[in-house]
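Worksheet for the structure shown next.
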Amino acid sequence: MKLIPLMPSIANTSITGQQDSWKWLPSGNGEFSFHSAWNHIRSSGAAFELYNVVWYPSSNPRMSYCLLKALYNRLPTRDRLINFGISSSEICVLCDLAKESRDHLYFQCPYLVYIWKLCKLKLQMNDSDNKDLNTEAQNIQQKFKSKDKSYILARLALNSTVWQVWQERNRRIFQNQKMHKIMVFRRIYEDINILLRTCNWKVGNSKILSNWGYDKL
Ligand SMILES: [Zn+2]
């Protein structure tokens, strides 16, 4: 691969008799650095606009990674497995009503709708008919901007919902065990209580925190 087209830069060079020296053109001072080399060869794309819904203080890496994969539609949902030629039923194991896909799970599946409605009620967020994961993540980003505990709590609620429901889906498929949606919500509630303890930001909206039992911590 030709990183630097040399011909145009040496075509008009005159020989002066001075000693030759190396210059690293991608950096401003002619000195080589890995930073300048990386910036030179990488292709920079648009920033991931939902970054602070996925990564934030007190976030759980496994949950964040799961949410990231869901946002990019990279979870091995049954519609994708069938496209890969992996034999699998296409029906959602949570509701047995529709084909399983990222968009069905988040948030069209009645099992999920119930849990997410409960979360939104406790987050004092308006419920809407527009229930796709990206929109819900953007809604949280827009509503919770102030750097306080409610900012963290709202992001944890989305992260944990995506994570716990994915765990329940896997439990049903691989372990043949079912958990009632109220128990899944209970796990989300517990995740939030545990992870929020590690946050030392200011309290923020105490009513929302109280809805999630923060005042009992
Ligand atoms: Zn379903």
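In the structure tokens, each chain is lettered A, B, ... as it comes, each chain's residues begin at 1, and ligands are numbered from 1 in order of appearance.
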
Please write out the residues within 7 Å of ligand 1 as a PDB file with C-alpha atoms, in the first residue's frame, counting only C-alpha atoms and all ligand atoms.
ATOM      1  CA  CYS A  92     -40.008 -15.372  19.446  1.00  0.00           C
ATOM      2  CA  VAL A  93     -39.696 -17.516  22.566  1.00  0.00           C
ATOM      3  CA  LEU A  94     -40.917 -14.703  24.803  1.00  0.00           C
ATOM      4  CA  CYS A  95     -44.373 -14.316  23.251  1.00  0.00           C
ATOM      5  CA  ASP A  96     -44.751 -17.195  20.737  1.00  0.00           C
ATOM      6  CA  LEU A  97     -46.627 -14.727  18.560  1.00  0.00           C
ATOM      7  CA  ALA A  98     -44.209 -13.284  16.019  1.00  0.00           C
ATOM      8  CA  GLU A 100     -37.907 -12.965  16.482  1.00  0.00           C
ATOM      9  CA  HIS A 104     -39.486  -7.284  17.529  1.00  0.00           C
ATOM     10  CA  LEU A 105     -37.576  -7.814  20.769  1.00  0.00           C
ATOM     11  CA  CYS A 109     -42.776  -7.959  21.769  1.00  0.00           C
ATOM     12  CA  PRO A 110     -45.651  -7.857  24.302  1.00  0.00           C
ATOM     13  CA  TYR A 111     -43.344  -9.380  26.926  1.00  0.00           C
TER      14      TYR A 111
END

- [ ] Would you mind listing what lies within 12 Å of Gln167 of chain A as a list in words, with only C-alpha atoms counted and same-chain residues fewer than 3 positions away left out?
- [x]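 Near neighbours after the sequence-gap exclusion: Arg62, Met63, Cys66, Leu75, Val93, Leu94, Ser160, Thr161, Val162, Trp163, Gln164, Asn170, Arg171, Arg172, Ile173, Phe174, Gln175, Gln177, Lys178, Met179, Val184, Arg187 and Ile188 of chain A.
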
Task: Proximity to Leu195 of chain A - best of A:Pro57, A:Gly30, A:Gly45, A:Gly213, only C-alpha atoms - done: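 That would be A:Pro57, the residue with the smallest distance to Leu195 of chain A.
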
Open item on the list: Set the distance at 10 Å and use only C-alpha atoms: which residues neighbour Ser59 of chain A once local chain neighbours fewer than 4 positions away are removed? I'd like the list as a ChimeraX atom specification.
Closed with: /A:53-55,63-64,152-153,155-156,159-160,192,195-196,198-199

Task: Pick from A:Pro61, A:Val165, A:Ala137, A:Lys147, whichever lies nearest to Ile115 of chain A using only C-alpha atoms - done: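 When distances to Ile115 of chain A are compared using only C-alpha atoms, the smallest one comes from A:Val165.
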
Task: atom CA of Asp191 of chain A to atom CA of Ala157 of chain A, straight-line distance in Å - done: 8.6 Å

Task: Which residue of A:Ser44, A:Leu118, A:Arg169, A:Trp22 approaches Thr77 of chain A most closely, using only C-alpha atoms - done: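 Smallest separation from Thr77 of chain A among the options: A:Arg169.
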
TODO: Run DSSP on the backbone of this structure and report the residues of segment 8-211 of chain A it assigns to alpha helix (DSSP H), as number ranges by chain.
DONE: A: 8-10, 34-41, 51-54, 61-71, 78-83, 102-103, 110-122, 133-143, 149-170, 181-196, 206-211

TODO: Would you mind telling me which residue in A:Asn193, A:Ser128, A:Asn52, A:Asn176 lies nearest to Tyr151 of chain A when using only C-alpha atoms?
DONE: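 That would be A:Asn52, the residue with the smallest distance to Tyr151 of chain A.
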